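Peer 1: Here you go, protein23.txt (compact mmCIF, N, CA and C atoms):
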# COMPACT_ATOMS: atom_id res chain seq x y z
N MET A 827 4.42 173.71 -15.63
CA MET A 827 3.50 173.24 -14.63
C MET A 827 2.15 172.98 -15.28
N THR A 828 1.48 172.01 -14.78
CA THR A 828 0.17 171.72 -15.32
C THR A 828 -0.85 172.66 -14.68
N GLN A 829 -2.02 172.65 -15.24
CA GLN A 829 -3.06 173.53 -14.72
C GLN A 829 -3.44 173.13 -13.30
N VAL A 830 -3.42 171.85 -13.02
CA VAL A 830 -3.78 171.38 -11.68
C VAL A 830 -2.78 171.90 -10.66
N GLU A 831 -1.50 171.83 -10.98
CA GLU A 831 -0.47 172.33 -10.07
C GLU A 831 -0.60 173.83 -9.87
N GLU A 832 -0.90 174.55 -10.94
CA GLU A 832 -1.07 176.00 -10.83
C GLU A 832 -2.27 176.33 -9.95
N LYS A 833 -3.35 175.60 -10.14
CA LYS A 833 -4.56 175.84 -9.33
C LYS A 833 -4.27 175.53 -7.86
N GLU A 834 -3.54 174.42 -7.60
CA GLU A 834 -3.21 174.07 -6.22
C GLU A 834 -2.33 175.13 -5.59
N LYS A 835 -1.37 175.66 -6.35
CA LYS A 835 -0.49 176.70 -5.84
C LYS A 835 -1.29 177.96 -5.52
N ALA A 836 -2.19 178.33 -6.41
CA ALA A 836 -3.02 179.51 -6.18
C ALA A 836 -3.93 179.30 -4.98
N LEU A 837 -4.46 178.08 -4.81
CA LEU A 837 -5.31 177.77 -3.67
C LEU A 837 -4.54 177.87 -2.36
N ARG A 838 -3.33 177.28 -2.33
CA ARG A 838 -2.50 177.38 -1.12
C ARG A 838 -2.19 178.83 -0.79
N HIS A 839 -1.89 179.61 -1.82
CA HIS A 839 -1.59 181.02 -1.61
C HIS A 839 -2.80 181.74 -1.04
N SER A 840 -3.97 181.47 -1.59
CA SER A 840 -5.20 182.12 -1.12
C SER A 840 -5.49 181.72 0.33
N GLU A 841 -5.26 180.45 0.66
CA GLU A 841 -5.50 180.00 2.03
C GLU A 841 -4.54 180.70 3.01
N GLN A 842 -3.29 180.86 2.61
CA GLN A 842 -2.34 181.55 3.49
C GLN A 842 -2.72 183.01 3.68
N VAL A 843 -3.12 183.66 2.61
CA VAL A 843 -3.55 185.05 2.71
C VAL A 843 -4.79 185.15 3.59
N ASN A 844 -5.71 184.21 3.44
CA ASN A 844 -6.93 184.20 4.24
C ASN A 844 -6.60 184.04 5.73
N GLN A 845 -5.67 183.12 6.05
CA GLN A 845 -5.28 182.92 7.44
C GLN A 845 -4.63 184.17 8.02
N LYS A 846 -3.78 184.81 7.24
CA LYS A 846 -3.09 186.02 7.70
C LYS A 846 -4.10 187.14 7.95
N LEU A 847 -5.03 187.32 7.02
CA LEU A 847 -6.02 188.38 7.18
C LEU A 847 -6.96 188.09 8.35
N THR A 848 -7.28 186.81 8.56
CA THR A 848 -8.11 186.44 9.71
C THR A 848 -7.39 186.78 11.02
N TYR A 849 -6.10 186.50 11.06
CA TYR A 849 -5.32 186.82 12.25
C TYR A 849 -5.29 188.33 12.49
N GLU A 850 -5.06 189.09 11.44
CA GLU A 850 -5.02 190.54 11.58
C GLU A 850 -6.38 191.10 12.02
N MET A 851 -7.46 190.52 11.48
CA MET A 851 -8.79 190.96 11.89
C MET A 851 -9.03 190.67 13.38
N ALA A 852 -8.54 189.52 13.85
CA ALA A 852 -8.70 189.19 15.26
C ALA A 852 -7.95 190.19 16.12
N LEU A 853 -6.74 190.58 15.69
CA LEU A 853 -5.99 191.57 16.45
C LEU A 853 -6.72 192.91 16.49
N LEU A 854 -7.24 193.33 15.35
CA LEU A 854 -7.94 194.61 15.31
C LEU A 854 -9.23 194.58 16.12
N LYS A 855 -9.94 193.44 16.10
CA LYS A 855 -11.15 193.33 16.92
C LYS A 855 -10.82 193.37 18.40
N ARG A 856 -9.71 192.69 18.75
CA ARG A 856 -9.30 192.72 20.15
C ARG A 856 -8.96 194.15 20.57
N HIS A 857 -8.33 194.87 19.64
CA HIS A 857 -7.99 196.27 19.93
C HIS A 857 -9.25 197.12 20.11
N ALA A 858 -10.25 196.89 19.26
CA ALA A 858 -11.45 197.72 19.30
C ALA A 858 -12.39 197.30 20.43
N PHE A 859 -12.55 195.99 20.68
CA PHE A 859 -13.57 195.53 21.61
C PHE A 859 -13.01 194.83 22.85
N GLY A 860 -11.70 194.68 22.94
CA GLY A 860 -11.11 193.95 24.06
C GLY A 860 -11.02 194.80 25.32
N LYS A 861 -10.55 194.16 26.38
CA LYS A 861 -10.34 194.87 27.63
C LYS A 861 -9.22 195.87 27.46
N ARG A 862 -9.18 196.81 28.32
CA ARG A 862 -8.14 197.84 28.24
C ARG A 862 -6.74 197.26 28.37
N SER A 863 -6.57 196.21 29.13
CA SER A 863 -5.24 195.62 29.31
C SER A 863 -4.77 194.90 28.04
N GLU A 864 -5.69 194.50 27.18
CA GLU A 864 -5.33 193.77 25.96
C GLU A 864 -5.19 194.65 24.74
N GLN A 865 -5.46 195.92 24.85
CA GLN A 865 -5.42 196.78 23.69
C GLN A 865 -3.99 197.06 23.25
N LEU A 866 -3.86 197.31 21.95
CA LEU A 866 -2.56 197.65 21.39
C LEU A 866 -2.28 199.13 21.60
N ASN A 867 -1.00 199.45 21.77
CA ASN A 867 -0.69 200.87 21.87
C ASN A 867 -0.45 201.43 20.46
N VAL A 868 -0.18 202.70 20.35
CA VAL A 868 -0.05 203.39 19.07
C VAL A 868 1.12 202.83 18.26
N LEU A 869 2.22 202.52 18.90
CA LEU A 869 3.38 201.98 18.18
C LEU A 869 3.09 200.60 17.58
N GLN A 870 2.37 199.78 18.34
CA GLN A 870 2.04 198.45 17.84
C GLN A 870 1.09 198.53 16.63
N ILE A 871 0.15 199.45 16.68
CA ILE A 871 -0.78 199.61 15.55
C ILE A 871 -0.04 200.08 14.31
N SER A 872 0.92 200.99 14.47
CA SER A 872 1.67 201.49 13.30
C SER A 872 2.51 200.36 12.69
N LEU A 873 3.06 199.46 13.53
CA LEU A 873 3.81 198.32 13.00
C LEU A 873 2.90 197.40 12.19
N LEU A 874 1.68 197.20 12.66
CA LEU A 874 0.74 196.35 11.95
C LEU A 874 0.38 196.96 10.60
N GLU A 875 0.18 198.26 10.55
CA GLU A 875 -0.17 198.92 9.29
C GLU A 875 0.98 198.84 8.28
N GLU A 876 2.22 198.99 8.75
CA GLU A 876 3.37 198.89 7.85
C GLU A 876 3.47 197.47 7.28
N GLY A 877 3.22 196.50 8.10
CA GLY A 877 3.27 195.11 7.65
C GLY A 877 2.20 194.80 6.62
N VAL A 878 1.02 195.40 6.79
CA VAL A 878 -0.08 195.18 5.84
C VAL A 878 0.29 195.73 4.47
N ASP A 879 0.86 196.92 4.43
CA ASP A 879 1.25 197.50 3.14
C ASP A 879 2.32 196.65 2.44
N ALA A 880 3.29 196.17 3.20
CA ALA A 880 4.32 195.32 2.61
C ALA A 880 3.73 194.00 2.12
N ASP A 881 2.80 193.45 2.88
CA ASP A 881 2.16 192.19 2.48
C ASP A 881 1.34 192.37 1.21
N ILE A 882 0.64 193.47 1.10
CA ILE A 882 -0.17 193.71 -0.10
C ILE A 882 0.73 193.83 -1.32
N ALA A 883 1.87 194.52 -1.18
CA ALA A 883 2.80 194.65 -2.30
C ALA A 883 3.36 193.28 -2.70
N ALA A 884 3.70 192.45 -1.71
CA ALA A 884 4.23 191.11 -2.01
C ALA A 884 3.17 190.25 -2.69
N ILE A 885 1.93 190.35 -2.26
CA ILE A 885 0.86 189.57 -2.88
C ILE A 885 0.64 190.00 -4.31
N GLU A 886 0.69 191.30 -4.57
CA GLU A 886 0.51 191.79 -5.94
C GLU A 886 1.61 191.28 -6.87
N THR A 887 2.87 191.26 -6.39
CA THR A 887 3.96 190.75 -7.24
C THR A 887 3.79 189.25 -7.50
N GLU A 888 3.34 188.50 -6.49
CA GLU A 888 3.11 187.06 -6.69
C GLU A 888 2.00 186.83 -7.71
N LEU A 889 0.94 187.63 -7.63
CA LEU A 889 -0.15 187.48 -8.59
C LEU A 889 0.31 187.80 -10.01
N GLU A 890 1.15 188.81 -10.17
CA GLU A 890 1.68 189.13 -11.49
C GLU A 890 2.53 187.98 -12.03
N GLU A 891 3.34 187.37 -11.16
CA GLU A 891 4.15 186.24 -11.57
C GLU A 891 3.27 185.06 -11.99
N LEU A 892 2.18 184.83 -11.25
CA LEU A 892 1.26 183.75 -11.60
C LEU A 892 0.62 184.00 -12.95
N HIS A 893 0.24 185.25 -13.22
CA HIS A 893 -0.37 185.56 -14.52
C HIS A 893 0.65 185.39 -15.64
N LEU A 894 1.91 185.74 -15.41
CA LEU A 894 2.93 185.59 -16.44
C LEU A 894 3.21 184.11 -16.72
N THR A 895 3.27 183.30 -15.68
CA THR A 895 3.53 181.87 -15.90
C THR A 895 2.34 181.19 -16.54
N ALA A 896 1.13 181.65 -16.23
CA ALA A 896 -0.07 181.05 -16.83
C ALA A 896 -0.17 181.42 -18.31
N ALA A 897 0.37 182.57 -18.70
CA ALA A 897 0.26 183.03 -20.09
C ALA A 897 1.21 182.26 -21.01
N THR A 898 2.35 181.80 -20.50
CA THR A 898 3.30 181.08 -21.35
C THR A 898 2.87 179.63 -21.45
N PRO A 899 2.65 179.12 -22.68
CA PRO A 899 2.22 177.72 -22.83
C PRO A 899 3.37 176.76 -22.54
N VAL A 900 3.01 175.65 -21.97
CA VAL A 900 4.01 174.63 -21.62
C VAL A 900 4.02 173.59 -22.74
N ALA A 901 5.20 173.39 -23.32
CA ALA A 901 5.33 172.39 -24.38
C ALA A 901 5.37 171.01 -23.74
N ARG A 902 4.44 170.18 -24.13
CA ARG A 902 4.39 168.83 -23.57
C ARG A 902 5.33 167.92 -24.34
N LYS A 903 6.01 167.09 -23.62
CA LYS A 903 6.91 166.14 -24.25
C LYS A 903 6.14 164.84 -24.48
N THR A 904 6.23 164.33 -25.69
CA THR A 904 5.58 163.07 -25.98
C THR A 904 6.48 161.94 -25.48
N PRO A 905 5.89 160.97 -24.80
CA PRO A 905 6.71 159.87 -24.31
C PRO A 905 7.24 159.03 -25.47
N LYS A 906 8.50 158.68 -25.38
CA LYS A 906 9.11 157.89 -26.45
C LYS A 906 9.47 156.51 -25.89
N ARG A 907 8.86 155.51 -26.48
CA ARG A 907 9.17 154.14 -26.08
C ARG A 907 10.18 153.58 -27.05
N THR A 908 11.05 152.78 -26.52
CA THR A 908 12.03 152.14 -27.40
C THR A 908 11.32 151.02 -28.16
N PRO A 909 11.68 150.82 -29.42
CA PRO A 909 11.02 149.75 -30.18
C PRO A 909 11.39 148.38 -29.62
N LEU A 910 10.49 147.45 -29.83
CA LEU A 910 10.74 146.09 -29.35
C LEU A 910 11.88 145.47 -30.15
N PRO A 911 12.70 144.63 -29.52
CA PRO A 911 13.86 144.06 -30.20
C PRO A 911 13.45 143.27 -31.45
N PRO A 912 14.21 143.41 -32.54
CA PRO A 912 13.85 142.73 -33.79
C PRO A 912 14.03 141.22 -33.74
N GLU A 913 14.78 140.70 -32.77
CA GLU A 913 15.01 139.25 -32.74
C GLU A 913 13.84 138.47 -32.15
N LEU A 914 12.85 139.16 -31.57
CA LEU A 914 11.68 138.45 -31.05
C LEU A 914 10.79 137.99 -32.20
N PRO A 915 10.21 136.80 -32.08
CA PRO A 915 9.30 136.33 -33.14
C PRO A 915 8.05 137.21 -33.20
N ARG A 916 7.58 137.45 -34.42
CA ARG A 916 6.44 138.33 -34.62
C ARG A 916 5.31 137.58 -35.32
N THR A 917 4.10 137.87 -34.87
CA THR A 917 2.92 137.36 -35.56
C THR A 917 2.12 138.57 -36.03
N GLU A 918 1.74 138.56 -37.30
CA GLU A 918 1.02 139.70 -37.86
C GLU A 918 -0.48 139.42 -37.82
N ILE A 919 -1.21 140.41 -37.32
CA ILE A 919 -2.67 140.32 -37.27
C ILE A 919 -3.19 141.48 -38.10
N HIS A 920 -3.88 141.15 -39.20
CA HIS A 920 -4.42 142.18 -40.10
C HIS A 920 -5.86 142.48 -39.72
N HIS A 921 -6.16 143.76 -39.59
CA HIS A 921 -7.52 144.22 -39.30
C HIS A 921 -8.03 144.95 -40.54
N ASP A 922 -8.69 144.23 -41.43
CA ASP A 922 -9.22 144.81 -42.67
C ASP A 922 -10.74 144.71 -42.64
N PRO A 923 -11.43 145.58 -43.38
CA PRO A 923 -12.89 145.50 -43.41
C PRO A 923 -13.36 144.20 -44.08
N GLU A 924 -14.57 143.79 -43.74
CA GLU A 924 -15.11 142.54 -44.29
C GLU A 924 -15.30 142.63 -45.80
N ASN A 925 -15.77 143.79 -46.28
CA ASN A 925 -15.91 143.97 -47.72
C ASN A 925 -15.20 145.25 -48.13
N ASP A 926 -14.79 145.30 -49.38
CA ASP A 926 -14.02 146.46 -49.83
C ASP A 926 -14.88 147.39 -50.69
N HIS A 927 -16.18 147.45 -50.37
CA HIS A 927 -17.08 148.36 -51.07
C HIS A 927 -17.63 149.38 -50.08
N CYS A 928 -17.79 150.58 -50.56
CA CYS A 928 -18.31 151.69 -49.75
C CYS A 928 -19.83 151.60 -49.68
N ARG A 929 -20.46 152.45 -48.87
CA ARG A 929 -21.91 152.50 -48.78
C ARG A 929 -22.52 152.94 -50.10
N CYS A 930 -21.77 153.80 -50.82
CA CYS A 930 -22.30 154.29 -52.10
C CYS A 930 -22.13 153.25 -53.21
N GLY A 931 -21.40 152.18 -52.96
CA GLY A 931 -21.27 151.10 -53.93
C GLY A 931 -19.94 151.07 -54.67
N CYS A 932 -19.08 152.08 -54.50
CA CYS A 932 -17.80 152.08 -55.21
C CYS A 932 -16.74 151.30 -54.41
N GLN A 933 -15.64 151.01 -55.07
CA GLN A 933 -14.54 150.25 -54.48
C GLN A 933 -13.73 151.13 -53.52
N LEU A 934 -13.43 150.63 -52.32
CA LEU A 934 -12.56 151.35 -51.39
C LEU A 934 -11.11 151.20 -51.82
N ARG A 935 -10.34 152.24 -51.63
CA ARG A 935 -8.93 152.23 -52.01
C ARG A 935 -8.08 152.34 -50.74
N ARG A 936 -7.06 151.49 -50.64
CA ARG A 936 -6.17 151.51 -49.48
C ARG A 936 -5.15 152.64 -49.66
N ILE A 937 -5.06 153.52 -48.64
CA ILE A 937 -4.12 154.64 -48.75
C ILE A 937 -2.97 154.53 -47.76
N GLY A 938 -2.97 153.52 -46.97
CA GLY A 938 -1.88 153.35 -46.02
C GLY A 938 -2.27 152.35 -44.95
N GLU A 939 -1.44 152.29 -43.93
CA GLU A 939 -1.72 151.38 -42.83
C GLU A 939 -1.11 151.94 -41.56
N GLU A 940 -1.66 151.48 -40.46
CA GLU A 940 -1.17 151.87 -39.15
C GLU A 940 -0.75 150.60 -38.44
N ILE A 941 0.48 150.57 -37.96
CA ILE A 941 1.02 149.37 -37.34
C ILE A 941 1.31 149.65 -35.87
N SER A 942 0.81 148.78 -35.01
CA SER A 942 1.14 148.86 -33.59
C SER A 942 1.63 147.49 -33.14
N GLU A 943 2.61 147.51 -32.25
CA GLU A 943 3.19 146.26 -31.77
C GLU A 943 2.91 146.11 -30.28
N LYS A 944 2.61 144.88 -29.90
CA LYS A 944 2.29 144.58 -28.50
C LYS A 944 3.12 143.38 -28.07
N LEU A 945 3.82 143.53 -26.97
CA LEU A 945 4.62 142.44 -26.43
C LEU A 945 3.69 141.47 -25.72
N ASP A 946 3.84 140.19 -26.03
CA ASP A 946 2.99 139.17 -25.43
C ASP A 946 3.89 138.09 -24.85
N TYR A 947 3.39 137.42 -23.82
CA TYR A 947 4.18 136.38 -23.16
C TYR A 947 3.32 135.14 -23.02
N THR A 948 3.82 134.06 -23.55
CA THR A 948 3.23 132.75 -23.29
C THR A 948 4.30 131.93 -22.60
N THR A 949 3.95 130.96 -21.87
CA THR A 949 4.83 130.23 -20.97
C THR A 949 6.24 130.07 -21.51
N GLY A 950 7.15 130.85 -20.97
CA GLY A 950 8.57 130.77 -21.31
C GLY A 950 8.99 131.45 -22.60
N VAL A 951 8.06 132.05 -23.34
CA VAL A 951 8.42 132.63 -24.63
C VAL A 951 7.79 134.02 -24.77
N PHE A 952 8.61 134.98 -25.14
CA PHE A 952 8.11 136.31 -25.48
C PHE A 952 7.92 136.37 -26.99
N HIS A 953 6.85 136.97 -27.43
CA HIS A 953 6.67 137.21 -28.86
C HIS A 953 5.91 138.53 -29.04
N VAL A 954 5.98 139.06 -30.24
CA VAL A 954 5.39 140.37 -30.53
C VAL A 954 4.21 140.18 -31.47
N GLU A 955 3.09 140.79 -31.10
CA GLU A 955 1.93 140.79 -31.98
C GLU A 955 1.92 142.12 -32.73
N ARG A 956 1.96 142.04 -34.06
CA ARG A 956 1.89 143.25 -34.90
C ARG A 956 0.47 143.39 -35.40
N HIS A 957 -0.20 144.43 -34.94
CA HIS A 957 -1.56 144.70 -35.39
C HIS A 957 -1.48 145.69 -36.54
N ILE A 958 -1.94 145.27 -37.72
CA ILE A 958 -1.87 146.10 -38.91
C ILE A 958 -3.30 146.51 -39.28
N ARG A 959 -3.56 147.80 -39.19
CA ARG A 959 -4.88 148.33 -39.52
C ARG A 959 -4.74 149.17 -40.79
N GLY A 960 -5.47 148.77 -41.81
CA GLY A 960 -5.42 149.49 -43.08
C GLY A 960 -6.22 150.77 -43.01
N LYS A 961 -5.78 151.77 -43.79
CA LYS A 961 -6.52 153.02 -43.93
C LYS A 961 -7.16 153.00 -45.31
N TRP A 962 -8.46 153.13 -45.36
CA TRP A 962 -9.22 153.02 -46.58
C TRP A 962 -9.97 154.30 -46.84
N VAL A 963 -10.16 154.60 -48.13
CA VAL A 963 -10.87 155.81 -48.51
C VAL A 963 -11.76 155.50 -49.71
N CYS A 964 -12.86 156.25 -49.76
CA CYS A 964 -13.78 156.15 -50.90
C CYS A 964 -13.44 157.26 -51.88
N ASP A 965 -13.37 156.96 -53.15
CA ASP A 965 -13.04 157.98 -54.17
C ASP A 965 -14.17 158.99 -54.36
N GLN A 966 -15.37 158.61 -53.95
CA GLN A 966 -16.50 159.52 -54.10
C GLN A 966 -16.46 160.54 -53.00
Is it possible to express this structure as structure tokens?
Peer 2:
Amino acid sequence: MTQVEEKEKALRHSEQVNQKLTYEMALLKRHAFGKRSEQLNVLQISLLEEGVDADIAAIETELEELHLTAATPVARKTPKRTPLPPELPRTEIHHDPENDHCRCGCQLRRIGEEISEKLDYTTGVFHVERHIRGKWVCDQ
């Protein structure tokens, strides 16, 4: 799960707990300040107290589970695109520096290149643009 999903789950859980506690507070206030006909009897109050203890235990186990899931890192999968078909015509575009001298005045040396391909469409024809970017380094 991503962090956003975890945060949303924790937020929903907190909102549910808040609603439940608000409801219980309303019942207890009604018991303390309500009319005599609306008050809870002793059996009803004991049922409410038992439910609160069970709810607190359930909330604690959920919080422990959330901490355990948050501690384990999620391995992200890198998206894999299929290569463009080799039968499409290709045009190579080289991106090289204008001069092959460094700021210090020495000659730059090519150590590799990075190639990216982009599918392009012109009226009725698909073709691939190969952008070739050289990797250059200064010996100094």
Peer 1: Taking (-0.7, 186.4, 0.2) in the file's own coordinates, collect the residues within 8 Å, counting only N, CA and C atoms, and hand them back as a tab-separated table (two decimals) with N, CA and C atoms, in the coordinates of the input.
Peer 2:
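For reference, point.tsv as written:
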chain	number	residue	atom	x	y	z
A	838	ARG	N	-3.33	177.28	-2.33
A	838	ARG	CA	-2.50	177.38	-1.12
A	838	ARG	C	-2.19	178.83	-0.79
A	839	HIS	N	-1.89	179.61	-1.82
A	839	HIS	CA	-1.59	181.02	-1.61
A	839	HIS	C	-2.80	181.74	-1.04
A	840	SER	N	-3.97	181.47	-1.59
A	840	SER	CA	-5.20	182.12	-1.12
A	840	SER	C	-5.49	181.72	0.33
A	841	GLU	N	-5.26	180.45	0.66
A	841	GLU	CA	-5.50	180.00	2.03
A	841	GLU	C	-4.54	180.70	3.01
A	842	GLN	N	-3.29	180.86	2.61
A	842	GLN	CA	-2.34	181.55	3.49
A	842	GLN	C	-2.72	183.01	3.68
A	843	VAL	N	-3.12	183.66	2.61
A	843	VAL	CA	-3.55	185.05	2.71
A	843	VAL	C	-4.79	185.15	3.59
A	844	ASN	N	-5.71	184.21	3.44
A	844	ASN	CA	-6.93	184.20	4.24
A	844	ASN	C	-6.60	184.04	5.73
A	846	LYS	N	-3.78	184.81	7.24
A	846	LYS	CA	-3.09	186.02	7.70
A	846	LYS	C	-4.10	187.14	7.95
A	881	ASP	N	2.80	193.45	2.88
A	881	ASP	CA	2.16	192.19	2.48
A	881	ASP	C	1.34	192.37	1.21
A	882	ILE	N	0.64	193.47	1.10
A	882	ILE	CA	-0.17	193.71	-0.10
A	882	ILE	C	0.73	193.83	-1.32
A	884	ALA	N	3.70	192.45	-1.71
A	884	ALA	CA	4.23	191.11	-2.01
A	884	ALA	C	3.17	190.25	-2.69
A	885	ILE	N	1.93	190.35	-2.26
A	885	ILE	CA	0.86	189.57	-2.88
A	885	ILE	C	0.64	190.00	-4.31
A	886	GLU	N	0.69	191.30	-4.57
A	886	GLU	CA	0.51	191.79	-5.94
A	886	GLU	C	1.61	191.28	-6.87
A	888	GLU	N	3.34	188.50	-6.49
A	888	GLU	CA	3.11	187.06	-6.69
A	888	GLU	C	2.00	186.83	-7.71
Peer 1: May I have all residues of region 853-925 of chain A that DSSP, computed from the backbone, assigns to helix (DSSP H, G or I), given as a CSV table (one decimal) with N, CA and C atoms, keeping the file's coordinate frame?
Peer 2:
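Once written, out_8.csv looks like this:
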chain,number,residue,atom,x,y,z
A,853,LEU,N,-6.7,190.6,15.7
A,853,LEU,CA,-6.0,191.6,16.4
A,853,LEU,C,-6.7,192.9,16.5
A,854,LEU,N,-7.2,193.3,15.4
A,854,LEU,CA,-7.9,194.6,15.3
A,854,LEU,C,-9.2,194.6,16.1
A,855,LYS,N,-9.9,193.4,16.1
A,855,LYS,CA,-11.2,193.3,16.9
A,855,LYS,C,-10.8,193.4,18.4
A,856,ARG,N,-9.7,192.7,18.8
A,856,ARG,CA,-9.3,192.7,20.2
A,856,ARG,C,-9.0,194.2,20.6
A,857,HIS,N,-8.3,194.9,19.6
A,857,HIS,CA,-8.0,196.3,19.9
A,857,HIS,C,-9.2,197.1,20.1
A,858,ALA,N,-10.2,196.9,19.3
A,858,ALA,CA,-11.4,197.7,19.3
A,858,ALA,C,-12.4,197.3,20.4
A,859,PHE,N,-12.6,196.0,20.7
A,859,PHE,CA,-13.6,195.5,21.6
A,859,PHE,C,-13.0,194.8,22.8
A,862,ARG,N,-9.2,196.8,28.3
A,862,ARG,CA,-8.1,197.8,28.2
A,862,ARG,C,-6.7,197.3,28.4
A,863,SER,N,-6.6,196.2,29.1
A,863,SER,CA,-5.2,195.6,29.3
A,863,SER,C,-4.8,194.9,28.0
A,864,GLU,N,-5.7,194.5,27.2
A,864,GLU,CA,-5.3,193.8,26.0
A,864,GLU,C,-5.2,194.6,24.7
A,868,VAL,N,-0.2,202.7,20.4
A,868,VAL,CA,0.0,203.4,19.1
A,868,VAL,C,1.1,202.8,18.3
A,869,LEU,N,2.2,202.5,18.9
A,869,LEU,CA,3.4,202.0,18.2
A,869,LEU,C,3.1,200.6,17.6
A,870,GLN,N,2.4,199.8,18.3
A,870,GLN,CA,2.0,198.4,17.8
A,870,GLN,C,1.1,198.5,16.6
A,871,ILE,N,0.2,199.4,16.7
A,871,ILE,CA,-0.8,199.6,15.6
A,871,ILE,C,0.0,200.1,14.3
A,872,SER,N,0.9,201.0,14.5
A,872,SER,CA,1.7,201.5,13.3
A,872,SER,C,2.5,200.4,12.7
A,873,LEU,N,3.1,199.5,13.5
A,873,LEU,CA,3.8,198.3,13.0
A,873,LEU,C,2.9,197.4,12.2
A,874,LEU,N,1.7,197.2,12.7
A,874,LEU,CA,0.7,196.4,12.0
A,874,LEU,C,0.4,197.0,10.6
A,875,GLU,N,0.2,198.3,10.6
A,875,GLU,CA,-0.2,198.9,9.3
A,875,GLU,C,1.0,198.8,8.3
A,876,GLU,N,2.2,199.0,8.8
A,876,GLU,CA,3.4,198.9,7.8
A,876,GLU,C,3.5,197.5,7.3
A,877,GLY,N,3.2,196.5,8.1
A,877,GLY,CA,3.3,195.1,7.6
A,877,GLY,C,2.2,194.8,6.6
A,878,VAL,N,1.0,195.4,6.8
A,878,VAL,CA,-0.1,195.2,5.8
A,878,VAL,C,0.3,195.7,4.5
A,879,ASP,N,0.9,196.9,4.4
A,879,ASP,CA,1.2,197.5,3.1
A,879,ASP,C,2.3,196.6,2.4
A,880,ALA,N,3.3,196.2,3.2
A,880,ALA,CA,4.3,195.3,2.6
A,880,ALA,C,3.7,194.0,2.1
A,881,ASP,N,2.8,193.4,2.9
A,881,ASP,CA,2.2,192.2,2.5
A,881,ASP,C,1.3,192.4,1.2
A,882,ILE,N,0.6,193.5,1.1
A,882,ILE,CA,-0.2,193.7,-0.1
A,882,ILE,C,0.7,193.8,-1.3
A,883,ALA,N,1.9,194.5,-1.2
A,883,ALA,CA,2.8,194.6,-2.3
A,883,ALA,C,3.4,193.3,-2.7
A,884,ALA,N,3.7,192.4,-1.7
A,884,ALA,CA,4.2,191.1,-2.0
A,884,ALA,C,3.2,190.2,-2.7
A,885,ILE,N,1.9,190.4,-2.3
A,885,ILE,CA,0.9,189.6,-2.9
A,885,ILE,C,0.6,190.0,-4.3
A,886,GLU,N,0.7,191.3,-4.6
A,886,GLU,CA,0.5,191.8,-5.9
A,886,GLU,C,1.6,191.3,-6.9
A,887,THR,N,2.9,191.3,-6.4
A,887,THR,CA,4.0,190.8,-7.2
A,887,THR,C,3.8,189.2,-7.5
A,888,GLU,N,3.3,188.5,-6.5
A,888,GLU,CA,3.1,187.1,-6.7
A,888,GLU,C,2.0,186.8,-7.7
A,889,LEU,N,0.9,187.6,-7.6
A,889,LEU,CA,-0.2,187.5,-8.6
A,889,LEU,C,0.3,187.8,-10.0
A,890,GLU,N,1.2,188.8,-10.2
A,890,GLU,CA,1.7,189.1,-11.5
A,890,GLU,C,2.5,188.0,-12.0
A,891,GLU,N,3.3,187.4,-11.2
A,891,GLU,CA,4.2,186.2,-11.6
A,891,GLU,C,3.3,185.1,-12.0
A,892,LEU,N,2.2,184.8,-11.2
A,892,LEU,CA,1.3,183.8,-11.6
A,892,LEU,C,0.6,184.0,-13.0
A,893,HIS,N,0.2,185.2,-13.2
A,893,HIS,CA,-0.4,185.6,-14.5
A,893,HIS,C,0.6,185.4,-15.6
A,894,LEU,N,1.9,185.7,-15.4
A,894,LEU,CA,2.9,185.6,-16.4
A,894,LEU,C,3.2,184.1,-16.7
A,895,THR,N,3.3,183.3,-15.7
A,895,THR,CA,3.5,181.9,-15.9
A,895,THR,C,2.3,181.2,-16.5
A,896,ALA,N,1.1,181.6,-16.2
A,896,ALA,CA,-0.1,181.0,-16.8
A,896,ALA,C,-0.2,181.4,-18.3
A,897,ALA,N,0.4,182.6,-18.7
A,897,ALA,CA,0.3,183.0,-20.1
A,897,ALA,C,1.2,182.3,-21.0
Peer 1: Closest to Pro923 (chain A) among A:Glu891, A:Leu945, A:Lys906, A:Lys961, using only C-alpha atoms?
Peer 2: A:Lys961
Peer 1: Using Å and a single decimal, report how far atom N of Ser872 (chain A) sits from CA of Ala852 (chain A).
Peer 2: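 Distance reported for this atom pair: 15.2 Å.
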Peer 1: Find the spatial neighbours of Glu918 (chain A), counting only C-alpha atoms, within a cut-off of 8 Å - ignore same-chain residues fewer than 4 positions away - and output them as a PyMOL selection string.
Peer 2: chain A and resi 955-958
Peer 1: Since we have the selection now, will you write its residues out, keeping N, CA and C atoms, as a PDB file, in the frame of the given file?
Peer 2:
ATOM      1  N   GLU A 955       3.090 140.790 -31.100  1.00  0.00           N
ATOM      2  CA  GLU A 955       1.930 140.790 -31.980  1.00  0.00           C
ATOM      3  C   GLU A 955       1.920 142.120 -32.730  1.00  0.00           C
ATOM      4  N   ARG A 956       1.960 142.040 -34.060  1.00  0.00           N
ATOM      5  CA  ARG A 956       1.890 143.250 -34.900  1.00  0.00           C
ATOM      6  C   ARG A 956       0.470 143.390 -35.400  1.00  0.00           C
ATOM      7  N   HIS A 957      -0.200 144.430 -34.940  1.00  0.00           N
ATOM      8  CA  HIS A 957      -1.560 144.700 -35.390  1.00  0.00           C
ATOM      9  C   HIS A 957      -1.480 145.690 -36.540  1.00  0.00           C
ATOM     10  N   ILE A 958      -1.940 145.270 -37.720  1.00  0.00           N
ATOM     11  CA  ILE A 958      -1.870 146.100 -38.910  1.00  0.00           C
ATOM     12  C   ILE A 958      -3.300 146.510 -39.280  1.00  0.00           C
TER      13      ILE A 958
END
Peer 1: CA of Cys930 (chain A) and CA of Cys964 (chain A), how far apart in Å?
Peer 2: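 CA of Cys930 (chain A) lies 8.8 Å from CA of Cys964 (chain A).
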